[in-house]
$ cat structure30.cif   # mmCIF, C-alpha atoms
data_work
loop_
_atom_site.group_PDB
_atom_site.id
_atom_site.type_symbol
_atom_site.label_atom_id
_atom_site.label_comp_id
_atom_site.auth_asym_id
_atom_site.auth_seq_id
_atom_site.Cartn_x
_atom_site.Cartn_y
_atom_site.Cartn_z
ATOM 1 C CA MET A 33 3.351 6.300 -21.252
ATOM 2 C CA ALA A 34 6.490 4.285 -21.972
ATOM 3 C CA LYS A 35 6.284 1.363 -24.353
ATOM 4 C CA GLN A 36 4.928 -1.906 -23.026
ATOM 5 C CA LEU A 37 7.338 -4.089 -21.037
ATOM 6 C CA TYR A 38 7.430 -7.771 -21.992
ATOM 7 C CA TRP A 39 8.435 -10.728 -19.842
ATOM 8 C CA GLU A 40 11.329 -11.412 -22.208
ATOM 9 C CA ASP A 41 12.700 -7.870 -21.608
ATOM 10 C CA VAL A 42 13.333 -8.622 -17.933
ATOM 11 C CA ALA A 43 16.362 -10.475 -16.560
ATOM 12 C CA ASP A 44 17.169 -11.469 -12.985
ATOM 13 C CA GLY A 45 18.396 -8.296 -11.338
ATOM 14 C CA SER A 46 16.733 -5.958 -13.861
ATOM 15 C CA GLU A 47 16.006 -2.612 -12.283
ATOM 16 C CA LEU A 48 12.490 -1.204 -12.020
ATOM 17 C CA THR A 49 12.510 2.362 -13.341
ATOM 18 C CA PRO A 50 13.053 4.415 -10.142
ATOM 19 C CA ILE A 51 10.530 7.101 -9.173
ATOM 20 C CA PRO A 52 11.432 10.134 -7.020
ATOM 21 C CA LYS A 53 8.956 11.288 -4.384
ATOM 22 C CA ILE A 54 8.726 14.337 -2.166
ATOM 23 C CA ALA A 55 6.510 13.855 0.869
ATOM 24 C CA THR A 56 5.132 17.165 2.105
ATOM 25 C CA THR A 57 2.794 18.046 4.940
ATOM 26 C CA GLN A 58 0.300 18.937 2.175
ATOM 27 C CA MET A 59 0.594 15.519 0.538
ATOM 28 C CA LEU A 60 -0.052 13.843 3.902
ATOM 29 C CA VAL A 61 -3.248 15.829 4.377
ATOM 30 C CA LYS A 62 -4.390 15.029 0.830
ATOM 31 C CA TRP A 63 -3.728 11.354 1.444
ATOM 32 C CA ALA A 64 -5.545 11.424 4.789
ATOM 33 C CA GLY A 65 -8.594 12.846 3.000
ATOM 34 C CA ALA A 66 -8.380 10.508 0.031
ATOM 35 C CA SER A 67 -7.760 7.372 2.066
ATOM 36 C CA GLY A 68 -10.026 8.070 5.000
ATOM 37 C CA ASP A 69 -7.219 7.299 7.443
ATOM 38 C CA LEU A 70 -7.668 10.245 9.789
ATOM 39 C CA ASN A 71 -5.034 9.274 12.359
ATOM 40 C CA PRO A 72 -3.883 12.678 13.739
ATOM 41 C CA ALA A 73 -0.301 11.359 14.008
ATOM 42 C CA HIS A 74 -0.041 12.229 10.307
ATOM 43 C CA TYR A 75 -1.049 15.901 10.515
ATOM 44 C CA GLU A 76 -0.768 16.987 14.151
ATOM 45 C CA ASP A 77 2.800 17.335 15.427
ATOM 46 C CA THR A 78 1.938 17.271 19.129
ATOM 47 C CA PHE A 79 -0.082 14.076 18.676
ATOM 48 C CA ALA A 80 2.848 12.358 16.937
ATOM 49 C CA ALA A 81 5.282 13.687 19.560
ATOM 50 C CA ALA A 82 3.156 12.172 22.336
ATOM 51 C CA GLN A 83 3.651 8.830 20.582
ATOM 52 C CA GLY A 84 7.396 9.352 20.759
ATOM 53 C CA LEU A 85 7.649 10.028 17.025
ATOM 54 C CA ASN A 86 8.889 13.625 17.002
ATOM 55 C CA ARG A 87 6.365 15.193 14.624
ATOM 56 C CA ALA A 88 3.660 14.244 12.110
ATOM 57 C CA PHE A 89 5.053 11.461 9.964
ATOM 58 C CA VAL A 90 4.371 9.923 6.548
ATOM 59 C CA GLN A 91 1.540 7.353 6.477
ATOM 60 C CA GLY A 92 2.836 3.838 5.884
ATOM 61 C CA GLN A 93 -0.048 3.326 3.481
ATOM 62 C CA LEU A 94 1.049 6.327 1.430
ATOM 63 C CA LYS A 95 4.500 4.781 1.025
ATOM 64 C CA ARG A 96 2.770 1.525 0.106
ATOM 65 C CA ALA A 97 0.795 3.458 -2.522
ATOM 66 C CA TRP A 98 4.088 4.887 -3.884
ATOM 67 C CA LEU A 99 5.342 1.319 -4.245
ATOM 68 C CA VAL A 100 2.166 0.385 -6.131
ATOM 69 C CA GLN A 101 2.910 3.320 -8.451
ATOM 70 C CA LEU A 102 6.506 2.141 -8.913
ATOM 71 C CA VAL A 103 5.384 -1.337 -9.951
ATOM 72 C CA THR A 104 2.282 -0.442 -12.008
ATOM 73 C CA THR A 105 4.218 2.212 -13.953
ATOM 74 C CA TRP A 106 6.977 -0.286 -14.726
ATOM 75 C CA ILE A 107 4.646 -3.077 -15.925
ATOM 76 C CA GLY A 108 2.507 -0.781 -18.114
ATOM 77 C CA ASP A 109 -1.110 -1.196 -19.207
ATOM 78 C CA GLU A 110 -0.757 -4.843 -20.171
ATOM 79 C CA GLY A 111 1.033 -5.983 -17.026
ATOM 80 C CA THR A 112 -0.856 -7.077 -13.908
ATOM 81 C CA LEU A 113 0.165 -6.521 -10.309
ATOM 82 C CA LYS A 114 -0.648 -9.793 -8.559
ATOM 83 C CA LYS A 115 0.814 -9.336 -5.086
ATOM 84 C CA LEU A 116 2.532 -6.637 -3.098
ATOM 85 C CA SER A 117 3.789 -6.553 0.453
ATOM 86 C CA CYS A 118 5.852 -4.079 2.432
ATOM 87 C CA GLN A 119 7.046 -3.365 5.932
ATOM 88 C CA PHE A 120 6.997 0.062 7.519
ATOM 89 C CA ARG A 121 10.403 -0.371 9.085
ATOM 90 C CA ALA A 122 11.397 3.233 9.751
ATOM 91 C CA VAL A 123 9.463 6.454 10.111
ATOM 92 C CA ASP A 124 9.746 9.239 7.489
ATOM 93 C CA TRP A 125 8.964 12.887 8.140
ATOM 94 C CA PRO A 126 7.537 15.107 5.372
ATOM 95 C CA ARG A 127 8.969 18.378 4.134
ATOM 96 C CA PHE A 128 7.219 21.533 5.273
ATOM 97 C CA MET A 129 5.622 23.835 2.693
ATOM 98 C CA ALA A 130 7.342 27.000 1.477
ATOM 99 C CA SER A 131 4.216 28.319 -0.284
ATOM 100 C CA LEU A 132 0.724 27.133 -1.179
ATOM 101 C CA THR A 133 2.164 24.861 -3.835
ATOM 102 C CA ASP A 134 5.881 24.384 -3.225
ATOM 103 C CA PRO A 135 7.773 22.406 -0.601
ATOM 104 C CA LYS A 136 10.734 23.718 1.351
ATOM 105 C CA GLU A 137 14.180 22.363 0.551
ATOM 106 C CA GLY A 138 14.804 18.968 2.055
ATOM 107 C CA GLU A 139 14.677 15.255 1.632
ATOM 108 C CA THR A 140 13.727 13.433 -1.581
ATOM 109 C CA TRP A 141 12.648 9.797 -1.407
ATOM 110 C CA TRP A 142 13.146 7.213 -4.140
ATOM 111 C CA CYS A 143 11.021 4.197 -4.952
ATOM 112 C CA LYS A 144 13.229 1.474 -6.384
ATOM 113 C CA GLY A 145 13.257 -2.218 -7.132
ATOM 114 C CA ASN A 146 14.933 -5.202 -8.766
ATOM 115 C CA ALA A 147 13.586 -8.307 -10.464
ATOM 116 C CA THR A 148 14.605 -11.355 -8.418
ATOM 117 C CA LYS A 149 12.894 -14.298 -10.155
ATOM 118 C CA LYS A 150 11.390 -15.050 -13.564
ATOM 119 C CA TYR A 151 9.062 -18.009 -13.994
ATOM 120 C CA VAL A 152 5.990 -19.380 -15.727
ATOM 121 C CA GLN A 153 3.165 -20.704 -13.571
ATOM 122 C CA ASP A 154 -0.386 -21.678 -14.573
ATOM 123 C CA ASP A 155 0.307 -20.270 -18.031
ATOM 124 C CA GLU A 156 1.225 -16.843 -16.625
ATOM 125 C CA HIS A 157 4.578 -15.147 -17.181
ATOM 126 C CA LEU A 158 5.568 -13.939 -13.738
ATOM 127 C CA ILE A 159 8.299 -11.841 -12.173
ATOM 128 C CA ASP A 160 9.081 -11.510 -8.474
ATOM 129 C CA CYS A 161 10.677 -8.233 -7.398
ATOM 130 C CA ASP A 162 12.255 -6.699 -4.346
ATOM 131 C CA ILE A 163 10.924 -3.167 -3.961
ATOM 132 C CA TRP A 164 11.566 -0.407 -1.466
ATOM 133 C CA VAL A 165 11.288 3.260 -0.566
ATOM 134 C CA GLU A 166 14.575 4.842 0.405
ATOM 135 C CA ASN A 167 14.988 8.104 2.261
ATOM 136 C CA GLY A 168 17.374 10.966 1.490
ATOM 137 C CA LYS A 169 20.201 9.126 3.242
ATOM 138 C CA GLY A 170 19.693 6.053 1.056
ATOM 139 C CA GLU A 171 18.184 4.020 3.910
ATOM 140 C CA LYS A 172 15.401 1.566 2.993
ATOM 141 C CA THR A 173 12.596 2.686 5.284
ATOM 142 C CA THR A 174 9.926 0.626 3.506
ATOM 143 C CA PRO A 175 11.172 -2.650 2.010
ATOM 144 C CA GLY A 176 8.791 -5.003 0.252
ATOM 145 C CA LYS A 177 8.131 -7.542 -2.463
ATOM 146 C CA ALA A 178 5.888 -7.704 -5.488
ATOM 147 C CA THR A 179 4.781 -10.327 -8.004
ATOM 148 C CA VAL A 180 3.670 -9.214 -11.465
ATOM 149 C CA ALA A 181 2.431 -10.915 -14.623
ATOM 150 C CA LEU A 182 3.733 -9.543 -17.913
ATOM 151 C CA PRO A 183 2.699 -10.165 -21.511
ATOM 152 C CA SER A 184 4.973 -12.569 -23.368
ATOM 153 C CA ARG A 185 6.188 -12.230 -26.964
ATOM 154 C CA GLY A 186 5.853 -16.004 -27.200
ATOM 155 C CA LYS A 187 2.075 -15.748 -26.943
ATOM 156 C CA SER A 188 -0.107 -14.150 -29.575
ATOM 157 C CA MET B 150 -4.276 -5.709 31.607
ATOM 158 C CA VAL B 151 -5.751 -8.042 29.052
ATOM 159 C CA SER B 152 -3.504 -11.087 28.504
ATOM 160 C CA VAL B 153 -2.167 -12.342 25.198
ATOM 161 C CA ASP B 154 -4.156 -15.534 25.744
ATOM 162 C CA GLU B 155 -7.373 -13.544 26.110
ATOM 163 C CA LEU B 156 -6.537 -11.605 22.968
ATOM 164 C CA ARG B 157 -5.798 -14.839 21.142
ATOM 165 C CA GLY B 158 -9.300 -15.962 22.039
ATOM 166 C CA MET B 159 -10.557 -13.264 19.645
ATOM 167 C CA ILE B 160 -8.785 -14.759 16.630
ATOM 168 C CA GLY B 161 -11.248 -15.343 13.821
ATOM 169 C CA LYS B 162 -14.137 -13.925 15.850
ATOM 170 C CA GLU B 163 -13.685 -10.197 15.565
ATOM 171 C CA ALA B 164 -15.101 -10.009 12.036
ATOM 172 C CA LYS B 165 -15.905 -6.487 10.953
ATOM 173 C CA VAL B 166 -17.658 -5.640 7.729
ATOM 174 C CA GLU B 167 -17.158 -2.402 5.835
ATOM 175 C CA VAL B 168 -18.867 -1.440 2.583
ATOM 176 C CA THR B 169 -17.183 1.000 0.190
ATOM 177 C CA GLN B 170 -18.846 2.519 -2.841
ATOM 178 C CA ILE B 171 -16.095 3.068 -5.425
ATOM 179 C CA GLU B 172 -16.456 6.340 -7.288
ATOM 180 C CA LYS B 173 -14.449 8.020 -10.025
ATOM 181 C CA GLY B 174 -13.824 11.082 -7.866
ATOM 182 C CA MET B 175 -12.413 8.938 -5.093
ATOM 183 C CA ILE B 176 -10.024 7.193 -7.499
ATOM 184 C CA LYS B 177 -8.910 10.561 -8.907
ATOM 185 C CA LYS B 178 -8.363 12.049 -5.443
ATOM 186 C CA ALA B 179 -6.267 9.077 -4.360
ATOM 187 C CA ALA B 180 -4.138 9.201 -7.532
ATOM 188 C CA GLU B 181 -3.623 12.946 -7.081
ATOM 189 C CA ALA B 182 -2.642 12.559 -3.443
ATOM 190 C CA ILE B 183 -0.053 9.928 -4.331
ATOM 191 C CA GLY B 184 1.157 11.971 -7.303
ATOM 192 C CA ASP B 185 0.526 9.072 -9.700
ATOM 193 C CA PRO B 186 -0.225 10.250 -13.269
ATOM 194 C CA ASN B 187 -1.019 6.745 -14.634
ATOM 195 C CA PRO B 188 -3.905 7.198 -17.150
ATOM 196 C CA LEU B 189 -5.417 3.874 -16.052
ATOM 197 C CA TRP B 190 -6.705 5.614 -12.912
ATOM 198 C CA GLN B 191 -7.888 8.852 -14.535
ATOM 199 C CA ASP B 192 -8.087 8.995 -18.320
ATOM 200 C CA GLU B 193 -11.288 7.234 -19.394
ATOM 201 C CA LYS B 194 -10.575 7.562 -23.124
ATOM 202 C CA ARG B 195 -7.097 6.136 -22.796
ATOM 203 C CA ALA B 196 -8.093 3.445 -20.278
ATOM 204 C CA ARG B 197 -10.866 2.263 -22.607
ATOM 205 C CA LYS B 198 -8.245 1.068 -25.094
ATOM 206 C CA THR B 199 -6.525 -1.186 -22.537
ATOM 207 C CA LYS B 200 -7.443 -4.710 -21.476
ATOM 208 C CA TYR B 201 -9.483 -3.200 -18.633
ATOM 209 C CA GLY B 202 -11.808 -1.348 -20.998
ATOM 210 C CA GLY B 203 -12.035 1.666 -18.680
ATOM 211 C CA ILE B 204 -10.731 3.352 -15.561
ATOM 212 C CA ILE B 205 -9.778 1.059 -12.695
ATOM 213 C CA ALA B 206 -8.780 1.881 -9.128
ATOM 214 C CA PRO B 207 -5.072 1.730 -8.231
ATOM 215 C CA PRO B 208 -4.517 -1.688 -6.627
ATOM 216 C CA GLY B 209 -4.801 -1.336 -2.879
ATOM 217 C CA LEU B 210 -7.045 1.711 -2.883
ATOM 218 C CA LEU B 211 -9.177 0.225 -0.131
ATOM 219 C CA ILE B 212 -7.073 1.083 2.840
ATOM 220 C CA THR B 213 -9.710 2.180 5.269
ATOM 221 C CA ALA B 214 -11.140 -1.286 5.117
ATOM 222 C CA MET B 215 -7.717 -2.630 5.862
ATOM 223 C CA MET B 216 -6.616 -0.182 8.533
ATOM 224 C CA SER B 217 -9.077 1.937 10.454
ATOM 225 C CA GLY B 218 -11.926 -0.506 10.185
ATOM 226 C CA SER B 219 -9.934 -3.391 11.471
ATOM 227 C CA ARG B 220 -9.067 -2.351 15.018
ATOM 228 C CA PRO B 221 -10.792 -4.190 17.788
ATOM 229 C CA GLU B 222 -11.324 -0.951 19.714
ATOM 230 C CA GLY B 223 -10.844 -1.203 23.431
ATOM 231 C CA SER B 224 -8.974 -4.472 23.272
ATOM 232 C CA MET B 225 -5.516 -3.042 22.626
ATOM 233 C CA PRO B 226 -3.842 -2.714 26.017
ATOM 234 C CA PHE B 227 -1.200 -0.105 25.171
ATOM 235 C CA GLN B 228 -1.721 3.475 24.106
ATOM 236 C CA ARG B 229 0.572 3.642 21.106
ATOM 237 C CA LEU B 230 -0.301 2.158 17.766
ATOM 238 C CA LEU B 231 1.822 1.897 14.650
ATOM 239 C CA ALA B 232 1.204 0.244 11.290
ATOM 240 C CA GLY B 233 3.812 -2.462 10.772
ATOM 241 C CA GLY B 234 3.157 -3.285 7.131
ATOM 242 C CA GLY B 235 0.921 -5.396 4.985
ATOM 243 C CA GLU B 236 0.442 -7.850 2.172
ATOM 244 C CA TRP B 237 -2.000 -7.597 -0.700
ATOM 245 C CA GLU B 238 -3.169 -10.103 -3.243
ATOM 246 C CA PHE B 239 -4.985 -8.547 -6.193
ATOM 247 C CA LEU B 240 -7.370 -10.945 -7.926
ATOM 248 C CA LEU B 241 -9.676 -8.744 -10.012
ATOM 249 C CA PRO B 242 -9.664 -5.075 -10.993
ATOM 250 C CA ILE B 243 -11.839 -2.684 -8.983
ATOM 251 C CA ARG B 244 -13.837 -0.143 -11.026
ATOM 252 C CA ALA B 245 -15.836 2.985 -10.416
ATOM 253 C CA GLY B 246 -19.378 1.879 -9.627
ATOM 254 C CA ASP B 247 -18.292 -1.238 -7.747
ATOM 255 C CA VAL B 248 -19.551 -1.795 -4.231
ATOM 256 C CA ILE B 249 -16.839 -3.507 -2.235
ATOM 257 C CA THR B 250 -17.565 -5.383 0.964
ATOM 258 C CA SER B 251 -14.470 -5.883 3.095
ATOM 259 C CA THR B 252 -14.643 -8.416 5.902
ATOM 260 C CA THR B 253 -11.845 -8.276 8.443
ATOM 261 C CA ALA B 254 -10.978 -10.751 11.140
ATOM 262 C CA LEU B 255 -8.145 -10.958 13.617
ATOM 263 C CA ALA B 256 -5.791 -13.654 12.309
ATOM 264 C CA ASP B 257 -3.019 -13.655 14.904
ATOM 265 C CA VAL B 258 -1.685 -11.901 18.006
ATOM 266 C CA TYR B 259 1.768 -12.272 19.473
ATOM 267 C CA GLU B 260 4.051 -10.502 21.885
ATOM 268 C CA ARG B 261 7.622 -9.363 21.380
ATOM 269 C CA GLU B 262 10.130 -7.556 23.514
ATOM 270 C CA GLY B 263 11.131 -4.303 21.788
ATOM 271 C CA LYS B 264 13.329 -1.345 22.683
ATOM 272 C CA ALA B 265 10.348 0.380 24.280
ATOM 273 C CA GLY B 266 9.330 -2.714 26.268
ATOM 274 C CA LYS B 267 6.577 -5.188 25.461
ATOM 275 C CA MET B 268 5.003 -4.857 22.032
ATOM 276 C CA LEU B 269 1.897 -6.635 20.773
ATOM 277 C CA PHE B 270 1.593 -7.529 17.108
ATOM 278 C CA PHE B 271 -1.959 -7.796 15.744
ATOM 279 C CA ILE B 272 -2.372 -9.432 12.334
ATOM 280 C CA PHE B 273 -5.661 -8.782 10.530
ATOM 281 C CA GLU B 274 -6.901 -10.528 7.409
ATOM 282 C CA THR B 275 -9.414 -8.934 5.082
ATOM 283 C CA ILE B 276 -11.350 -10.407 2.175
ATOM 284 C CA HIS B 277 -12.668 -7.833 -0.307
ATOM 285 C CA LYS B 278 -15.646 -8.848 -2.475
ATOM 286 C CA ASN B 279 -17.483 -6.924 -5.160
ATOM 287 C CA GLN B 280 -21.241 -6.646 -5.766
ATOM 288 C CA LEU B 281 -21.123 -9.886 -7.783
ATOM 289 C CA ASP B 282 -19.723 -11.668 -4.711
ATOM 290 C CA GLU B 283 -16.365 -12.155 -6.478
ATOM 291 C CA VAL B 284 -13.244 -11.912 -4.309
ATOM 292 C CA VAL B 285 -11.327 -8.944 -5.747
ATOM 293 C CA ALA B 286 -8.507 -8.796 -3.201
ATOM 294 C CA LYS B 287 -7.179 -10.298 -0.012
ATOM 295 C CA SER B 288 -5.053 -8.370 2.431
ATOM 296 C CA ARG B 289 -3.154 -8.872 5.656
ATOM 297 C CA SER B 290 -2.026 -6.027 7.846
ATOM 298 C CA THR B 291 0.107 -5.765 10.957
ATOM 299 C CA LEU B 292 -0.621 -3.258 13.709
ATOM 300 C CA ILE B 293 1.891 -2.827 16.503
ATOM 301 C CA ASN B 294 0.528 -1.821 19.902
ATOM 302 C CA TYR B 295 3.124 -0.678 22.443
#

$ encode --input "structure30.cif" --output "structure tokens"
Amino acid sequence: MAKQLYWEDVADGSELTPIPKIATTQMLVKWAGASGDLNPAHYEDTFAAAQGLNRAFVQGQLKRAWLVQLVTTWIGDEGTLKKLSCQFRAVDWPRFMASLTDPKEGETWWCKGNATKKYVQDDEHLIDCDIWVENGKGEKTTPGKATVALPSRGKS
Amino acid sequence: MVSVDELRGMIGKEAKVEVTQIEKGMIKKAAEAIGDPNPLWQDEKRARKTKYGGIIAPPGLLITAMMSGSRPEGSMPFQRLLAGGGEWEFLLPIRAGDVITSTTALADVYEREGKAGKMLFFIFETIHKNQLDEVVAKSRSTLINY
């Protein structure tokens, strides 16, 4: 794990360490099982097509979970994720599998973010961030916001 | 077809309760599915040294309570359903062994004209409490019916 991030280390506009993600049909099935969201639109192409969405597409909640990973990795063990929101603005389609373990060539997504506001409230050192998932074309398909509390060097 | 006014009559009434037993295996499976190697979710020895004193669940693990459990079945007039997004407020960590009770109610319904015609936006609010009756999280989710 990287060293702990402190509130003083962050400036307005500071970048959250980006995380690359590859959605595969396999990952979608794993997530369906782990989350209990068994909507067939995420593993059955004909079902998704009947909804006008071409083929099985990435669960919004999985992209939300990627954003949680982006933020919780950045803030480290001593940081606390207080709030997170996101909008599923555009649909993403997973890569197909080339073998039991490897995806075919294709799109890579990135989870990214920026600090937008630093403040102290009720004795907590807080940071607001813009966060998003962008697709292989650099389009933000899943924009959102997060608020985190970080440890401060000013406090023992 | 059911009118928006009729649907609005269900605001606050359609409370649904879902109980989730949080287990280590479930936390591990979720972390693996996401591809999130954070030791806080999986490495007991390492997590014990943090302020949490042990493994916790990734914030927002309880999605079934937020999504599938929250649909007022039969009352959505259109066939297609899409998740529009959500908001989470995390108040306390959730640990393996916790029993979480998630209570969902319809908070708002409104209509908008989209590219594909009329779309209905359903906003659900969920309060998640642990076995000590402490509120661990609050969430809001949007489902689009069109």

$ closest_residue --input "structure30.cif" --among "A:Asp69, A:Asp77, A:Glu166, A:Glu137" --to "chain B" --atoms "all atoms listed in the file"
A:Asp69

$ closest_residue --input "structure30.cif" --among "B:Asn187, B:Gln170, B:Thr252, B:Asn279" --to "Pro207 of chain B" --atoms "only C-alpha atoms"
B:Asn187

$ interface_residues --input "structure30.cif" --of "chain A" --to "chain B" --cutoff "8 Å" --atoms "only C-alpha atoms" --output "MDAnalysis selection string"
chainID A and resid 33 59:60 62:63 66:69 83 92:94 97:98 100:101 105 109:110 113:121

$ write_last_selection --input "structure30.cif" --atoms "C-alpha atoms" --output "PDB file, keeping the file's coordinate frame"
ATOM      1  CA  MET A  33       3.351   6.300 -21.252  1.00  0.00           C
ATOM      2  CA  MET A  59       0.594  15.519   0.538  1.00  0.00           C
ATOM      3  CA  LEU A  60      -0.052  13.843   3.902  1.00  0.00           C
ATOM      4  CA  LYS A  62      -4.390  15.029   0.830  1.00  0.00           C
ATOM      5  CA  TRP A  63      -3.728  11.354   1.444  1.00  0.00           C
ATOM      6  CA  ALA A  66      -8.380  10.508   0.031  1.00  0.00           C
ATOM      7  CA  SER A  67      -7.760   7.372   2.066  1.00  0.00           C
ATOM      8  CA  GLY A  68     -10.026   8.070   5.000  1.00  0.00           C
ATOM      9  CA  ASP A  69      -7.219   7.299   7.443  1.00  0.00           C
ATOM     10  CA  GLN A  83       3.651   8.830  20.582  1.00  0.00           C
ATOM     11  CA  GLY A  92       2.836   3.838   5.884  1.00  0.00           C
ATOM     12  CA  GLN A  93      -0.048   3.326   3.481  1.00  0.00           C
ATOM     13  CA  LEU A  94       1.049   6.327   1.430  1.00  0.00           C
ATOM     14  CA  ALA A  97       0.795   3.458  -2.522  1.00  0.00           C
ATOM     15  CA  TRP A  98       4.088   4.887  -3.884  1.00  0.00           C
ATOM     16  CA  VAL A 100       2.166   0.385  -6.131  1.00  0.00           C
ATOM     17  CA  GLN A 101       2.910   3.320  -8.451  1.00  0.00           C
ATOM     18  CA  THR A 105       4.218   2.212 -13.953  1.00  0.00           C
ATOM     19  CA  ASP A 109      -1.110  -1.196 -19.207  1.00  0.00           C
ATOM     20  CA  GLU A 110      -0.757  -4.843 -20.171  1.00  0.00           C
ATOM     21  CA  LEU A 113       0.165  -6.521 -10.309  1.00  0.00           C
ATOM     22  CA  LYS A 114      -0.648  -9.793  -8.559  1.00  0.00           C
ATOM     23  CA  LYS A 115       0.814  -9.336  -5.086  1.00  0.00           C
ATOM     24  CA  LEU A 116       2.532  -6.637  -3.098  1.00  0.00           C
ATOM     25  CA  SER A 117       3.789  -6.553   0.453  1.00  0.00           C
ATOM     26  CA  CYS A 118       5.852  -4.079   2.432  1.00  0.00           C
ATOM     27  CA  GLN A 119       7.046  -3.365   5.932  1.00  0.00           C
ATOM     28  CA  PHE A 120       6.997   0.062   7.519  1.00  0.00           C
ATOM     29  CA  ARG A 121      10.403  -0.371   9.085  1.00  0.00           C
TER      30      ARG A 121
END

$ axis_aligned_box --input "structure30.cif" --around "segment 39-46 of chain A" --padding-each-side "4 Å" --output "JSON"
{"center_x": 13.4, "center_y": -8.7, "center_z": -16.8, "size_x": 18.0, "size_y": 13.5, "size_z": 18.9}

$ resolve_selection --input "structure30.cif" --expression "the PyMOL selection byres ((chain B and resi 260) around 12)" --output "ChimeraX atom specification"
/B:152-154,156-157,226,257-259,261-263,266-272,292-295

$ residues_around --input "structure30.cif" --residues "Gly203 of chain B" --least-positions-apart "6" --cutoff "12 Å" --atoms "all atoms listed in the file" --output "ChimeraX atom specification"
/A:109 /B:173,188-197,242-246

$ closest_residue --input "structure30.cif" --among "A:Ala82, A:Ile54, A:Ala73, A:Ala43" --to "Thr140 of chain A" --atoms "only C-alpha atoms"
A:Ile54

$ closest_residue --input "structure30.cif" --among "A:Gly84, A:Gly65, A:Pro72, A:Pro52" --to "Gly168 of chain A" --atoms "all atoms listed in the file"
A:Pro52

$ atom_distance --input "structure30.cif" --atom1 "atom CA of Gly176 of chain A" --atom2 "atom CA of Cys161 of chain A"
8.5 Å

$ closest_residue --input "structure30.cif" --among "A:Thr112, A:Leu182, A:Phe89, A:Ser46" --to "Tyr151 of chain A" --atoms "only C-alpha atoms"
A:Leu182

$ atom_distance --input "structure30.cif" --atom1 "atom CA of Arg127 of chain A" --atom2 "atom CA of Ala178 of chain A"
28.0 Å

$ resolve_selection --input "structure30.cif" --expression "the PyMOL selection byres ((chain A and resi 184) around 9)" --output "short mmCIF file (atom, residue, chain, number, x, y, z; two decimals) with C-alpha atoms, keeping the file's coordinate frame"
data_model
loop_
_atom_site.label_atom_id
_atom_site.label_comp_id
_atom_site.auth_asym_id
_atom_site.auth_seq_id
_atom_site.Cartn_x
_atom_site.Cartn_y
_atom_site.Cartn_z
CA TYR A 38 7.43 -7.77 -21.99
CA TRP A 39 8.44 -10.73 -19.84
CA GLU A 40 11.33 -11.41 -22.21
CA GLU A 156 1.23 -16.84 -16.62
CA HIS A 157 4.58 -15.15 -17.18
CA LEU A 182 3.73 -9.54 -17.91
CA PRO A 183 2.70 -10.16 -21.51
CA ARG A 185 6.19 -12.23 -26.96
CA GLY A 186 5.85 -16.00 -27.20
CA LYS A 187 2.08 -15.75 -26.94
CA SER A 188 -0.11 -14.15 -29.58
#

$ residues_around --input "structure30.cif" --residues "Val90 of chain A" --least-positions-apart "3" --cutoff "8 Å" --atoms "all atoms listed in the file" --output "mmCIF file with C-alpha atoms, keeping the file's coordinate frame"
data_model
loop_
_atom_site.group_PDB
_atom_site.id
_atom_site.type_symbol
_atom_site.label_atom_id
_atom_site.label_comp_id
_atom_site.auth_asym_id
_atom_site.auth_seq_id
_atom_site.Cartn_x
_atom_site.Cartn_y
_atom_site.Cartn_z
ATOM 1 C CA ALA A 55 6.510 13.855 0.869
ATOM 2 C CA LEU A 60 -0.052 13.843 3.902
ATOM 3 C CA HIS A 74 -0.041 12.229 10.307
ATOM 4 C CA LEU A 94 1.049 6.327 1.430
ATOM 5 C CA LYS A 95 4.500 4.781 1.025
ATOM 6 C CA VAL A 123 9.463 6.454 10.111
ATOM 7 C CA ASP A 124 9.746 9.239 7.489
ATOM 8 C CA TRP A 125 8.964 12.887 8.140
ATOM 9 C CA PRO A 126 7.537 15.107 5.372
#

$ closest_residue --input "structure30.cif" --among "A:Lys177, A:Arg87, A:Lys53, A:Lys144" --to "Trp106 of chain A" --atoms "only C-alpha atoms"
A:Lys144

$ atom_distance --input "structure30.cif" --atom1 "atom CA of Val168 of chain B" --atom2 "atom CA of Ile249 of chain B"
5.6 Å

$ resolve_selection --input "structure30.cif" --expression "the PyMOL selection byres ((chain A and resi 148) around 7)" --output "list of chain:residue names"
A:Asp44, A:Gly45, A:Asn146, A:Ala147, A:Lys149, A:Asp160, A:Cys161, A:Asp162

$ residues_around --input "structure30.cif" --residues "segment 160-165 of chain B" --least-positions-apart "4" --cutoff "6 Å" --atoms "only C-alpha atoms" --output "PDB file with C-alpha atoms, in the frame of the given file"
ATOM      1  CA  THR B 252     -14.643  -8.416   5.902  1.00  0.00           C
ATOM      2  CA  THR B 253     -11.845  -8.276   8.443  1.00  0.00           C
ATOM      3  CA  ALA B 254     -10.978 -10.751  11.140  1.00  0.00           C
ATOM      4  CA  LEU B 255      -8.145 -10.958  13.617  1.00  0.00           C
ATOM      5  CA  ALA B 256      -5.791 -13.654  12.309  1.00  0.00           C
TER       6      ALA B 256
END
